[in-house]
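S.K.: My file is target_16.csv. It has CSV, C-alpha atoms:
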```
chain,number,residue,atom,x,y,z
B,1,MET,CA,0.0,0.0,0.0
B,2,THR,CA,3.0,2.3,-0.4
B,3,THR,CA,1.4,4.2,-3.2
B,4,THR,CA,-1.4,5.4,-1.0
B,5,GLU,CA,0.9,7.2,1.4
B,6,GLN,CA,0.6,10.9,1.6
B,7,ASN,CA,3.6,13.2,1.2
B,8,ILE,CA,2.8,16.5,2.9
B,9,GLU,CA,5.4,18.8,4.5
B,10,LYS,CA,4.6,19.3,8.2
B,11,ILE,CA,4.7,23.0,8.0
B,12,LEU,CA,1.9,23.0,5.5
B,13,ILE,CA,-0.5,20.8,7.4
B,14,PRO,CA,-2.1,23.5,9.6
B,15,ILE,CA,-2.6,25.7,6.5
B,16,LEU,CA,-4.3,22.9,4.5
B,17,GLU,CA,-6.4,21.9,7.5
B,18,GLN,CA,-8.1,25.3,7.3
B,19,VAL,CA,-9.5,24.4,3.8
B,20,SER,CA,-12.8,22.6,4.0
B,21,ASP,CA,-14.9,20.7,1.5
B,22,PRO,CA,-17.4,23.2,0.1
B,23,GLU,CA,-20.2,20.6,0.2
B,24,ILE,CA,-19.4,19.6,3.8
B,25,PRO,CA,-18.0,22.7,5.6
B,26,VAL,CA,-17.2,20.8,8.8
B,27,LEU,CA,-14.8,18.5,7.1
B,28,SER,CA,-11.3,19.7,6.2
B,29,ILE,CA,-9.8,18.4,3.0
B,30,MET,CA,-7.1,16.8,5.0
B,31,ASP,CA,-9.6,14.7,6.9
B,32,MET,CA,-11.3,13.9,3.6
B,33,GLY,CA,-8.0,12.5,2.3
B,34,VAL,CA,-8.0,14.4,-1.0
B,35,VAL,CA,-4.6,16.0,-0.5
B,36,ARG,CA,-2.1,13.5,-1.6
B,37,SER,CA,1.1,15.5,-1.5
B,38,ALA,CA,2.2,19.1,-0.8
B,39,ILE,CA,5.9,19.9,-1.1
B,40,ILE,CA,7.8,23.2,-1.3
B,41,ILE,CA,10.0,23.5,-4.3
B,42,ASN,CA,11.8,26.9,-4.8
B,43,ASP,CA,9.3,28.8,-2.8
B,44,THR,CA,6.3,27.3,-4.7
B,45,VAL,CA,4.1,24.7,-3.1
B,46,LYS,CA,3.3,21.9,-5.4
B,47,VAL,CA,0.0,20.3,-4.3
B,48,GLU,CA,-1.5,17.1,-5.6
B,49,ILE,CA,-5.2,16.5,-5.0
B,50,THR,CA,-7.4,13.6,-6.1
B,51,PRO,CA,-11.1,13.8,-6.8
B,52,THR,CA,-13.6,11.8,-4.6
B,53,TYR,CA,-15.9,11.2,-7.6
B,54,SER,CA,-14.9,12.0,-11.2
B,55,GLY,CA,-17.6,14.5,-11.7
B,56,CYS,CA,-17.3,16.1,-8.3
B,57,PRO,CA,-17.8,19.8,-8.9
B,58,ALA,CA,-16.2,20.7,-5.6
B,59,MET,CA,-12.7,19.9,-6.9
B,60,ASP,CA,-12.3,23.2,-8.8
B,61,VAL,CA,-13.4,25.1,-5.7
B,62,ILE,CA,-11.1,23.1,-3.5
B,63,GLY,CA,-8.2,23.9,-5.8
B,64,ASP,CA,-9.0,27.6,-5.6
B,65,ASP,CA,-9.4,27.5,-1.8
B,66,ILE,CA,-6.1,25.8,-1.4
B,67,LYS,CA,-4.4,28.4,-3.5
B,68,LYS,CA,-6.0,31.2,-1.4
B,69,ALA,CA,-5.1,29.6,1.9
B,70,LEU,CA,-1.5,29.1,0.9
B,71,LYS,CA,-1.3,32.6,-0.5
B,72,ASP,CA,-2.6,34.0,2.8
B,73,ALA,CA,0.2,32.1,4.5
B,74,GLY,CA,2.8,33.6,2.0
B,75,TYR,CA,3.2,30.8,-0.5
B,76,GLU,CA,2.6,30.6,-4.2
B,77,SER,CA,1.2,27.3,-5.3
B,78,GLU,CA,0.5,25.0,-8.2
B,79,ILE,CA,-2.3,22.5,-8.0
B,80,ASP,CA,-2.3,19.2,-9.9
B,81,LEU,CA,-5.3,16.9,-10.1
B,82,ILE,CA,-4.2,13.3,-10.0
B,83,LEU,CA,-6.3,10.2,-10.6
B,84,HIS,CA,-4.0,7.5,-9.4
B,85,PRO,CA,-4.2,6.0,-6.9
B,86,ALA,CA,-8.0,6.4,-6.9
B,87,TRP,CA,-9.6,8.0,-3.9
B,88,THR,CA,-11.3,5.6,-1.4
B,89,THR,CA,-13.5,6.3,1.6
B,90,ASP,CA,-10.8,4.5,3.6
B,91,TRP,CA,-8.8,7.8,3.4
B,92,ILE,CA,-11.3,9.7,5.5
B,93,THR,CA,-9.7,10.0,8.9
B,94,SER,CA,-11.4,8.9,12.1
B,95,ARG,CA,-11.7,12.6,12.9
B,96,GLY,CA,-13.3,13.1,9.5
B,97,ARG,CA,-15.8,10.3,10.1
B,98,LYS,CA,-16.8,11.9,13.4
B,99,ALA,CA,-17.2,15.3,11.8
B,100,LEU,CA,-19.4,13.7,9.1
B,101,GLU,CA,-21.6,12.1,11.8
B,102,ASP,CA,-21.9,15.3,13.8
B,103,TYR,CA,-22.9,17.1,10.6
B,104,GLY,CA,-25.7,14.6,10.0
B,105,ILE,CA,-24.1,12.4,7.4
B,106,ALA,CA,-23.7,8.7,8.3
B,107,ALA,CA,-20.1,7.5,7.7
B,108,PRO,CA,-19.4,4.8,5.1
B,109,LEU,CA,-19.7,1.1,6.0
B,110,GLU,CA,-17.5,-1.7,4.7
B,111,PRO,CA,-18.2,-2.8,1.1
B,112,GLU,CA,-20.4,-5.9,1.9
B,113,ALA,CA,-22.5,-4.0,4.4
B,114,ASP,CA,-22.6,-1.1,2.1
B,115,LYS,CA,-24.1,-3.3,-0.6
B,116,ASP,CA,-26.6,-4.7,1.8
B,117,VAL,CA,-27.9,-1.4,2.9
B,118,LEU,CA,-28.1,0.1,-0.6
B,119,LEU,CA,-30.3,-2.8,-1.7
B,120,ASN,CA,-32.3,-2.3,1.4
B,121,GLU,CA,-31.6,-5.8,2.5
B,122,LYS,CA,-30.2,-5.1,5.9
B,123,ARG,CA,-30.5,-2.3,8.4
B,124,LEU,CA,-27.0,-1.3,9.4
B,125,VAL,CA,-26.8,2.5,9.0
B,126,LYS,CA,-27.1,4.3,12.2
B,127,CYS,CA,-29.4,7.3,12.3
B,128,THR,CA,-27.3,10.5,12.8
B,129,ASN,CA,-30.0,12.0,14.9
B,130,CYS,CA,-31.0,9.3,17.4
B,131,GLY,CA,-28.5,6.5,16.8
B,132,SER,CA,-31.1,3.9,16.0
B,133,GLN,CA,-30.2,1.2,13.4
B,134,ASN,CA,-33.8,0.9,12.3
B,135,THR,CA,-33.2,2.9,9.2
B,136,ARG,CA,-34.2,2.4,5.6
B,137,LEU,CA,-32.9,3.3,2.2
B,138,VAL,CA,-34.9,6.1,0.5
B,139,SER,CA,-32.7,6.5,-2.6
B,140,GLN,CA,-29.3,5.1,-3.7
B,141,PHE,CA,-28.4,8.6,-4.8
B,142,GLY,CA,-28.7,11.6,-2.6
B,143,SER,CA,-27.9,15.3,-2.7
B,144,THR,CA,-24.5,14.6,-4.2
B,145,ALA,CA,-23.1,11.6,-6.1
B,146,CYS,CA,-21.1,10.4,-3.0
B,147,LYS,CA,-24.2,10.1,-0.8
B,148,ALA,CA,-27.4,8.0,-0.6
B,149,GLN,CA,-30.6,9.1,1.1
B,150,PHE,CA,-31.9,7.2,4.3
B,151,GLN,CA,-34.6,7.7,6.8
B,152,CYS,CA,-34.8,6.6,10.4
B,153,GLU,CA,-37.9,4.6,11.1
B,154,ASP,CA,-37.8,5.5,14.8
B,155,CYS,CA,-37.3,9.2,15.0
B,156,GLN,CA,-38.3,9.7,11.3
B,157,GLU,CA,-35.3,11.9,10.6
B,158,PRO,CA,-34.2,11.8,6.9
B,159,PHE,CA,-30.4,11.9,6.5
B,160,ASP,CA,-27.5,11.3,4.1
B,161,TYR,CA,-25.3,8.3,4.1
B,162,PHE,CA,-21.8,8.6,2.6
B,163,LYS,CA,-21.4,5.6,0.3
B,164,CYS,CA,-18.4,3.3,0.5
B,165,LEU,CA,-16.0,3.8,-2.4
B,166,LYS,CA,-13.2,1.2,-2.6
D,1,MET,CA,-1.1,13.4,-35.5
D,2,LYS,CA,1.5,11.0,-34.2
D,3,ASN,CA,-0.8,8.9,-32.0
D,4,GLU,CA,-3.9,9.1,-34.1
D,5,ASN,CA,-5.1,5.6,-33.2
D,6,LEU,CA,-4.8,6.3,-29.5
D,7,TYR,CA,-6.7,9.6,-29.9
D,8,LYS,CA,-9.4,7.8,-31.8
D,9,TYR,CA,-9.5,5.1,-29.2
D,10,ILE,CA,-9.9,7.5,-26.3
D,11,LEU,CA,-12.7,9.3,-28.1
D,12,GLY,CA,-14.5,6.0,-28.8
D,13,ILE,CA,-14.6,5.3,-25.1
D,14,ALA,CA,-15.4,8.8,-24.0
D,15,ASP,CA,-18.2,9.5,-26.5
D,16,ASN,CA,-20.3,6.7,-25.0
D,17,SER,CA,-20.2,8.4,-21.6
D,18,LEU,CA,-20.7,11.9,-23.1
D,19,ILE,CA,-23.8,11.0,-25.1
D,20,LEU,CA,-25.3,8.9,-22.3
D,21,GLY,CA,-24.5,11.6,-19.8
D,22,GLN,CA,-26.3,14.1,-22.0
D,23,ARG,CA,-29.4,11.8,-22.3
D,24,LEU,CA,-29.6,11.4,-18.6
D,25,GLY,CA,-29.1,15.1,-18.0
D,26,GLU,CA,-32.3,15.7,-20.0
D,27,LEU,CA,-34.1,14.2,-17.1
D,28,CYS,CA,-32.9,16.9,-14.7
D,29,GLY,CA,-36.2,18.2,-13.2
D,30,HIS,CA,-38.2,15.8,-15.4
D,31,GLY,CA,-37.5,12.4,-13.7
D,32,PRO,CA,-40.5,10.3,-12.7
D,33,ASN,CA,-40.0,11.2,-9.1
D,34,LEU,CA,-37.5,13.1,-7.0
D,35,GLU,CA,-35.3,10.1,-6.2
D,36,THR,CA,-34.9,8.7,-9.7
D,37,ASP,CA,-34.5,12.3,-11.0
D,38,ILE,CA,-31.5,12.8,-8.7
D,39,ALA,CA,-30.1,9.3,-9.4
D,40,CYS,CA,-30.2,9.8,-13.2
D,41,THR,CA,-28.6,13.2,-12.9
D,42,ASN,CA,-26.0,12.0,-10.5
D,43,ILE,CA,-25.1,9.2,-12.9
D,44,SER,CA,-24.9,11.8,-15.6
D,45,LEU,CA,-22.5,13.8,-13.5
D,46,ASP,CA,-20.3,10.8,-12.9
D,47,LEU,CA,-20.2,10.2,-16.6
D,48,PHE,CA,-19.3,13.8,-17.5
D,49,GLY,CA,-16.6,13.7,-14.9
D,50,GLN,CA,-15.2,10.6,-16.5
D,51,VAL,CA,-15.5,12.2,-19.9
D,52,ARG,CA,-13.4,15.2,-18.7
D,53,SER,CA,-10.6,12.9,-17.7
D,54,TYR,CA,-10.6,11.1,-21.1
D,55,PHE,CA,-10.9,14.3,-23.2
D,56,GLN,CA,-8.1,16.1,-21.2
D,57,TYR,CA,-5.9,13.1,-22.0
D,58,ALA,CA,-7.1,13.1,-25.7
D,59,GLY,CA,-6.2,16.8,-25.9
D,60,LYS,CA,-2.6,16.0,-24.7
D,61,VAL,CA,-2.3,13.1,-27.1
D,62,ALA,CA,-3.5,15.3,-30.0
D,63,GLY,CA,-0.6,17.6,-29.1
D,64,ASP,CA,-2.1,20.8,-30.5
D,65,ASN,CA,-4.0,23.3,-28.5
D,66,ARG,CA,-7.4,21.6,-28.5
D,67,THR,CA,-9.1,21.5,-25.1
D,68,GLU,CA,-11.6,19.1,-23.6
D,69,ASP,CA,-14.4,21.6,-24.5
D,70,ASP,CA,-13.3,21.7,-28.1
D,71,ILE,CA,-13.5,18.0,-28.3
D,72,ALA,CA,-16.8,17.7,-26.6
D,73,MET,CA,-18.6,20.6,-28.3
D,74,LEU,CA,-17.1,21.3,-31.7
D,75,ARG,CA,-17.3,18.1,-33.6
D,76,LYS,CA,-19.8,17.3,-36.3
D,77,GLU,CA,-22.3,14.5,-35.9
D,78,ARG,CA,-20.3,11.9,-37.9
D,79,GLU,CA,-17.2,12.6,-35.8
D,80,TYR,CA,-18.9,11.2,-32.7
D,81,LYS,CA,-18.1,7.6,-32.3
D,82,ASN,CA,-20.5,6.5,-29.6
D,83,VAL,CA,-22.5,3.3,-30.0
D,84,LEU,CA,-26.1,3.7,-31.1
D,85,LEU,CA,-27.4,2.4,-27.8
D,86,VAL,CA,-26.5,5.4,-25.7
D,87,GLU,CA,-28.1,8.0,-28.1
D,88,GLN,CA,-31.5,6.3,-27.9
D,89,PRO,CA,-34.1,8.7,-26.5
D,90,ASN,CA,-35.8,8.7,-23.1
D,91,THR,CA,-39.0,7.4,-24.6
D,92,ASN,CA,-40.3,6.5,-21.1
D,93,PHE,CA,-38.6,5.5,-17.8
D,94,ALA,CA,-38.4,1.8,-18.9
D,95,TYR,CA,-36.3,2.9,-21.9
D,96,THR,CA,-34.1,5.1,-19.7
D,97,ILE,CA,-33.5,2.2,-17.3
D,98,GLY,CA,-33.2,-0.4,-20.0
D,99,ARG,CA,-30.6,1.6,-21.9
D,100,GLN,CA,-28.7,2.3,-18.7
D,101,PHE,CA,-28.7,-1.4,-17.7
D,102,LEU,CA,-27.6,-2.6,-21.1
D,103,PHE,CA,-24.8,-0.1,-21.1
D,104,ASP,CA,-23.8,-0.5,-17.5
D,105,VAL,CA,-23.2,-4.3,-17.8
D,106,TYR,CA,-20.9,-3.6,-20.7
D,107,HIS,CA,-19.2,-0.6,-19.1
D,108,LEU,CA,-18.4,-2.6,-16.0
D,109,ALA,CA,-16.9,-5.5,-18.0
D,110,PHE,CA,-15.0,-3.0,-20.2
D,111,LEU,CA,-13.5,-1.0,-17.4
D,112,THR,CA,-12.5,-4.2,-15.6
D,113,GLU,CA,-10.3,-5.0,-18.5
D,114,LEU,CA,-9.1,-1.4,-19.2
D,115,GLN,CA,-7.6,-1.3,-15.7
D,116,LYS,CA,-5.0,-3.7,-17.1
D,117,SER,CA,-4.1,-1.3,-20.0
D,118,SER,CA,-0.4,-0.8,-20.6
D,119,ASP,CA,-1.3,2.9,-21.0
D,120,LEU,CA,-1.0,4.2,-17.4
D,121,THR,CA,-3.3,7.1,-17.9
D,122,LEU,CA,-6.1,5.0,-19.3
D,123,SER,CA,-5.5,2.4,-16.6
D,124,ALA,CA,-5.7,5.1,-13.9
D,125,ILE,CA,-9.0,6.5,-15.3
D,126,ALA,CA,-10.5,3.0,-15.5
D,127,LYS,CA,-9.6,2.3,-11.9
D,128,LYS,CA,-11.3,5.6,-10.9
D,129,CYS,CA,-14.4,5.1,-13.0
D,130,ILE,CA,-15.1,1.5,-12.2
D,131,LYS,CA,-15.9,2.4,-8.6
D,132,GLU,CA,-18.6,4.7,-9.8
D,133,VAL,CA,-19.9,2.5,-12.5
D,134,ARG,CA,-20.5,-0.3,-9.9
D,135,TYR,CA,-23.1,2.0,-8.3
D,136,HIS,CA,-24.7,2.7,-11.7
D,137,GLU,CA,-25.0,-1.0,-12.5
D,138,ARG,CA,-26.5,-1.7,-9.2
D,139,PHE,CA,-29.1,1.1,-9.6
D,140,SER,CA,-30.1,0.1,-13.2
D,141,SER,CA,-30.3,-3.6,-12.4
D,142,ASP,CA,-32.4,-3.0,-9.4
D,143,TRP,CA,-34.9,-1.0,-11.4
D,144,VAL,CA,-35.0,-3.5,-14.2
D,145,LYS,CA,-36.0,-6.0,-11.6
D,146,ARG,CA,-38.5,-3.7,-10.0
D,147,LEU,CA,-40.2,-2.9,-13.3
D,148,GLY,CA,-40.0,-6.4,-14.7
D,149,ASP,CA,-41.3,-8.0,-11.6
D,150,GLY,CA,-43.7,-5.2,-10.8
D,151,THR,CA,-47.2,-4.5,-12.1
D,152,PRO,CA,-48.5,-5.9,-15.4
D,153,GLU,CA,-48.1,-2.4,-16.9
D,154,SER,CA,-44.5,-1.9,-15.7
D,155,LYS,CA,-43.6,-5.4,-16.9
D,156,GLN,CA,-45.1,-4.8,-20.3
D,157,LYS,CA,-43.2,-1.5,-20.7
D,158,MET,CA,-39.9,-2.9,-19.5
D,159,GLN,CA,-40.2,-5.8,-21.9
D,160,GLU,CA,-41.0,-3.5,-24.7
D,161,ALA,CA,-38.0,-1.3,-24.0
D,162,MET,CA,-35.7,-4.3,-23.7
D,163,ASP,CA,-37.0,-5.7,-27.1
D,164,THR,CA,-36.5,-2.4,-28.8
D,165,LEU,CA,-33.0,-1.7,-27.3
D,166,TRP,CA,-31.8,-5.2,-27.8
D,167,THR,CA,-31.0,-4.5,-31.5
D,168,TYR,CA,-28.3,-2.0,-30.4
D,169,THR,CA,-26.4,-4.4,-28.0
D,170,ASP,CA,-24.3,-6.3,-30.5
D,171,GLU,CA,-22.5,-3.2,-31.7
D,172,LEU,CA,-20.8,-2.9,-28.3
D,173,PHE,CA,-18.6,-5.8,-29.3
D,174,HIS,CA,-17.5,-4.6,-32.7
D,175,GLN,CA,-14.0,-3.4,-33.2
D,176,THR,CA,-12.9,-0.4,-35.2
D,177,GLN,CA,-9.6,-0.2,-37.0
D,178,ALA,CA,-8.2,1.9,-34.1
D,179,ASP,CA,-9.5,-0.6,-31.6
D,180,LYS,CA,-7.6,-3.4,-33.3
D,181,VAL,CA,-4.3,-1.5,-33.3
D,182,MET,CA,-4.7,-0.5,-29.7
D,183,VAL,CA,-5.5,-4.1,-28.7
D,184,SER,CA,-2.4,-5.4,-30.4
D,185,ASP,CA,-0.4,-2.7,-28.6
D,186,GLY,CA,-1.6,-3.8,-25.2
D,187,VAL,CA,-3.4,-0.5,-24.7
D,188,GLY,CA,-7.0,-1.4,-25.7
D,189,VAL,CA,-9.5,-3.9,-24.6
D,190,ASP,CA,-10.5,-6.7,-26.9
D,191,VAL,CA,-14.3,-6.2,-26.7
D,192,THR,CA,-15.0,-9.3,-28.8
D,193,LYS,CA,-14.0,-11.3,-25.7
D,194,LEU,CA,-16.5,-9.6,-23.5
D,195,LYS,CA,-19.5,-10.7,-25.5
D,196,ASP,CA,-20.3,-14.0,-23.9
D,197,GLN,CA,-20.0,-12.9,-20.3
D,198,TYR,CA,-22.1,-9.8,-21.3
D,199,TYR,CA,-25.1,-11.8,-22.6
D,200,LYS,CA,-24.8,-14.3,-19.8
D,201,ALA,CA,-25.0,-11.5,-17.2
D,202,VAL,CA,-27.8,-9.7,-18.9
D,203,THR,CA,-29.8,-12.9,-19.4
D,204,GLU,CA,-29.5,-13.9,-15.7
D,205,LEU,CA,-30.7,-10.5,-14.6
D,206,LEU,CA,-33.6,-10.6,-17.0
D,207,GLU,CA,-34.6,-14.0,-15.7
D,208,ASP,CA,-34.5,-12.6,-12.2
D,209,ALA,CA,-36.7,-9.7,-13.4
D,210,LYS,CA,-39.2,-12.2,-14.8
D,211,LEU,CA,-38.6,-10.8,-18.3
D,212,LYS,CA,-37.9,-12.6,-21.6
D,213,THR,CA,-34.5,-12.3,-23.1
D,214,PRO,CA,-35.1,-11.0,-26.6
D,215,GLU,CA,-34.4,-13.6,-29.3
D,216,SER,CA,-34.0,-11.3,-32.3
D,217,LYS,CA,-30.7,-11.8,-34.1
D,218,TYR,CA,-31.1,-8.6,-36.1
D,219,PHE,CA,-28.7,-6.0,-34.9
D,220,GLN,CA,-28.0,-2.4,-35.8
D,221,LYS,CA,-24.6,-1.0,-36.0
D,222,GLY,CA,-22.8,2.1,-37.3
D,223,GLY,CA,-22.2,4.4,-34.4
D,224,LYS,CA,-18.6,3.4,-33.9
D,225,ASP,CA,-18.0,4.5,-37.5
D,226,GLY,CA,-20.0,7.8,-37.1
D,227,ILE,CA,-23.1,6.6,-38.8
D,228,HIS,CA,-25.8,7.4,-36.3
D,229,THR,CA,-29.6,7.1,-35.8
D,230,GLU,CA,-31.5,10.3,-36.4
D,231,HIS,CA,-31.7,10.9,-32.6
D,232,LEU,CA,-28.1,12.0,-32.3
D,233,GLY,CA,-28.4,15.2,-34.4
D,234,TYR,CA,-31.2,16.5,-32.1
D,235,LEU,CA,-29.1,15.6,-29.0
D,236,LEU,CA,-26.1,17.4,-30.4
D,237,SER,CA,-28.0,20.5,-31.2
D,238,ASP,CA,-28.9,20.8,-27.5
D,239,LEU,CA,-25.4,19.8,-26.3
D,240,GLN,CA,-23.6,22.2,-28.6
D,241,PHE,CA,-26.1,25.1,-28.5
D,242,MET,CA,-24.1,27.4,-26.3
D,243,GLN,CA,-20.7,26.9,-28.0
D,244,ARG,CA,-22.3,27.3,-31.5
D,245,THR,CA,-24.2,30.4,-30.5
D,246,TYR,CA,-21.4,32.1,-28.5
D,247,PRO,CA,-18.2,30.6,-29.9
D,248,ASN,CA,-15.3,30.3,-27.4
D,249,MET,CA,-17.4,31.2,-24.4
D,250,GLU,CA,-16.1,29.9,-21.1
D,251,TRP,CA,-17.5,29.3,-17.7
```
What is this structure when it is put down as structure tokens?

M.R.:
Amino acid sequence: MTTTEQNIEKILIPILEQVSDPEIPVLSIMDMGVVRSAIIINDTVKVEITPTYSGCPAMDVIGDDIKKALKDAGYESEIDLILHPAWTTDWITSRGRKALEDYGIAAPLEPEADKDVLLNEKRLVKCTNCGSQNTRLVSQFGSTACKAQFQCEDCQEPFDYFKCLK
Amino acid sequence: MKNENLYKYILGIADNSLILGQRLGELCGHGPNLETDIACTNISLDLFGQVRSYFQYAGKVAGDNRTEDDIAMLRKEREYKNVLLVEQPNTNFAYTIGRQFLFDVYHLAFLTELQKSSDLTLSAIAKKCIKEVRYHERFSSDWVKRLGDGTPESKQKMQEAMDTLWTYTDELFHQTQADKVMVSDGVGVDVTKLKDQYYKAVTELLEDAKLKTPESKYFQKGGKDGIHTEHLGYLLSDLQFMQRTYPNMEW
């Protein structure tokens, strides 16, 4: 799994952590795992980011936001979009998963469980409002490509579930 | 162009996603209900994202200054090499789902093989796309089953859509000249080898859905050579409208 390692200079981490996903403002792009490398070469920061989904419209905004954050910290930067290795929900940090849940988005399950819940065959997704597992699939696709729509049968809360991508 | 076959090969793949994405996009705000509307447009968005990766690469391969937008928006009808299946209209929801299902099964098998391409960019794009396409295939299969095994009316409509669209499936496994060269170079996927597993998978799902597998042996082809059904022209006039009306406009 060496290819999945990130290569980010320590000094840049606090700056990049200030940039959040425009669709999920509580989640920093670092916790999302989309920054794959950030290194300083001749006063310019070279940043490599990878899209969550191919068509994710947030990527352009994320690129611009990174540039701005680095500029505010005194760095010029170049952003590269890379496709390999492909992003996976495994790269969301545990802090990121907690931020998602607090925001009302259930964090991704493992692939098998993910398949079961998206075919509405098992009830495994925990309601982000009351914690009940008595939840049902409303739609395999939700407000964005990365999410599905669920509803809690106990407290009736509708909520998003972040689909597993591996 | 030095790498003309590679350029043609990339476009052959990408045009399928572009045209299908445009068809699905037509349902934005017009889906049968909110959930399916959102699903179809999300799948459309995935496909357009994939197309951007392919066209950006094609632009590099071409080596002149053409951009992804030029490639997407400024070709004439006969320069689009998508299969006839993906340009078929959204006659009703059964057609939309049937078209999607018949393409998704192929797409999944194709990308599985493209991951092994000796071309590292194509292999990287395939590895990225396949994760999304698994969700597409799950969605469309699920709906074929729901409609096929649903009410008498939904069953009849799903069967009719399948019977009509069936004639466009065989073309998926035709090879163009560029395909053949790319296969022998280790870059391309030999689609002729995907045919048996494709019809097996489709037949199994149709049985599950209590539908009849169409028996017709008459198949339409031509899309891969740029000879399209009349539907594509209308689709392109929508797709290209902004660029043709306001040349060189940008976001």

S.K.: Under the rule of at most 7 Å, produce a per-residue listing of chain B near chain D: chain, number, name, the closest pair of atoms, and the distance in Å, as a Markdown table, using only C-alpha atoms.

M.R.:
```
| residue | atom | partner | partner_atom | distance |
| --- | --- | --- | --- | --- |
| B:Tyr53 | CA | D:Asp46 | CA | 6.9 |
| B:Ser54 | CA | D:Gly49 | CA | 4.4 |
| B:Gly55 | CA | D:Gly49 | CA | 3.4 |
| B:Leu83 | CA | D:Ala124 | CA | 6.1 |
| B:His84 | CA | D:Ala124 | CA | 5.4 |
| B:Ala86 | CA | D:Lys128 | CA | 5.2 |
| B:Ser139 | CA | D:Glu35 | CA | 5.7 |
| B:Phe141 | CA | D:Ala39 | CA | 5.0 |
| B:Gly142 | CA | D:Ile38 | CA | 6.8 |
| B:Thr144 | CA | D:Asn42 | CA | 7.0 |
| B:Ala145 | CA | D:Asn42 | CA | 5.3 |
| B:Leu165 | CA | D:Lys131 | CA | 6.4 |
| B:Lys166 | CA | D:Lys131 | CA | 6.7 |
```

S.K.: Near Lys60 of chain D, counting only C-alpha atoms, which residues have an atom at most 12 Å away, once you skip same-chain residues fewer than 2 positions from it, shown as a list in words?

M.R.: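 Neighbouring residues, sequence-local ones excluded: Met1, Lys2, Asn3, Glu4, Leu6, Tyr7, Ile10, Ser53, Tyr54, Phe55, Gln56, Tyr57, Ala58, Ala62, Gly63, Asp64, Asn65, Arg66, Thr67, Glu68, Ile71 and Thr121 of chain D.
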
S.K.: Excluding Met32 of chain B and its own-chain neighbours fewer than 3 positions away, which residues fall within 8 Å of it when counting all atoms listed in the file? Please give them as a ChimeraX atom specification.

M.R.: /B:21,27-29,91-93,96

S.K.: For Arg146 of chain D, list every protein, DNA or RNA residue within 12 Å, evaluated using all atoms listed in the file, and leave out those in the same chain fewer than 2 positions away; present the list as a VMD selection string.

M.R.: (chain B and resid 119) or (chain D and resid 94 97 to 98 139 to 144 148 to 155 157 to 158 205 to 206 208 to 211)

S.K.: List every protein, DNA or RNA residue with an atom no more than 12 Å from (-30.1, -14.4, -31.9) in the file's coordinates, counting only C-alpha atoms, and format the result as a list in words.

M.R.: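 It turns out the residues near that spot are Trp166, Thr167, Thr169, Asp170, Tyr199, Thr213, Pro214, Glu215, Ser216, Lys217, Tyr218 and Phe219 of chain D.
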
S.K.: Grab the atom CA of Val133 of chain D to atom CA of Val86 of chain D distance for me, in Å with one decimal place.

M.R.: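 Here the two named atoms are 15.0 Å from each other.
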
S.K.: Any chance you could tabulate, as a Markdown table, the residues of segment 49-99 of chain B at most 12 Å from segment 127-133 of chain B with each one's nearest atom pair and distance in Å to one decimal, using all atoms listed in the file, in chain and rising number order?

M.R.:
```
| residue | atom | partner | partner_atom | distance |
| --- | --- | --- | --- | --- |
| B:Arg97 | CA | B:Thr128 | CA | 11.8 |
| B:Lys98 | CA | B:Thr128 | CA | 10.6 |
| B:Ala99 | CA | B:Thr128 | CA | 11.2 |
```

S.K.: State, in Å with one decimal place, the distance from atom CA of Thr203 of chain D to atom CA of Gly222 of chain D.

M.R.: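 Computed distance, atom CA of Thr203 of chain D to atom CA of Gly222 of chain D, equals 24.4 Å.
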
S.K.: Dump as JSON, numbers by chain all residues having an atom at most 10 Å from (0.3, 21.0, -3.0), computed in the file's coordinates with all atoms listed in the file.

M.R.: {"B": [7, 8, 9, 12, 16, 35, 36, 37, 38, 39, 40, 44, 45, 46, 47, 48, 49, 63, 66, 67, 70, 76, 77, 78, 79, 80, 81]}

S.K.: What is the distance, in Å and to one decimal place, between atom CA of Gln22 of chain D and atom CA of Leu239 of chain D?

M.R.: 7.2 Å

S.K.: Taking all atoms listed in the file into account, name the residue in B:Asp116, B:Val125, B:Lys163, B:Ile105 that is nearest to Val26 of chain B.

M.R.: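 Checking each of B:Asp116, B:Val125, B:Lys163, B:Ile105 against Val26 of chain B, counting all atoms listed in the file, the winner is B:Ile105.
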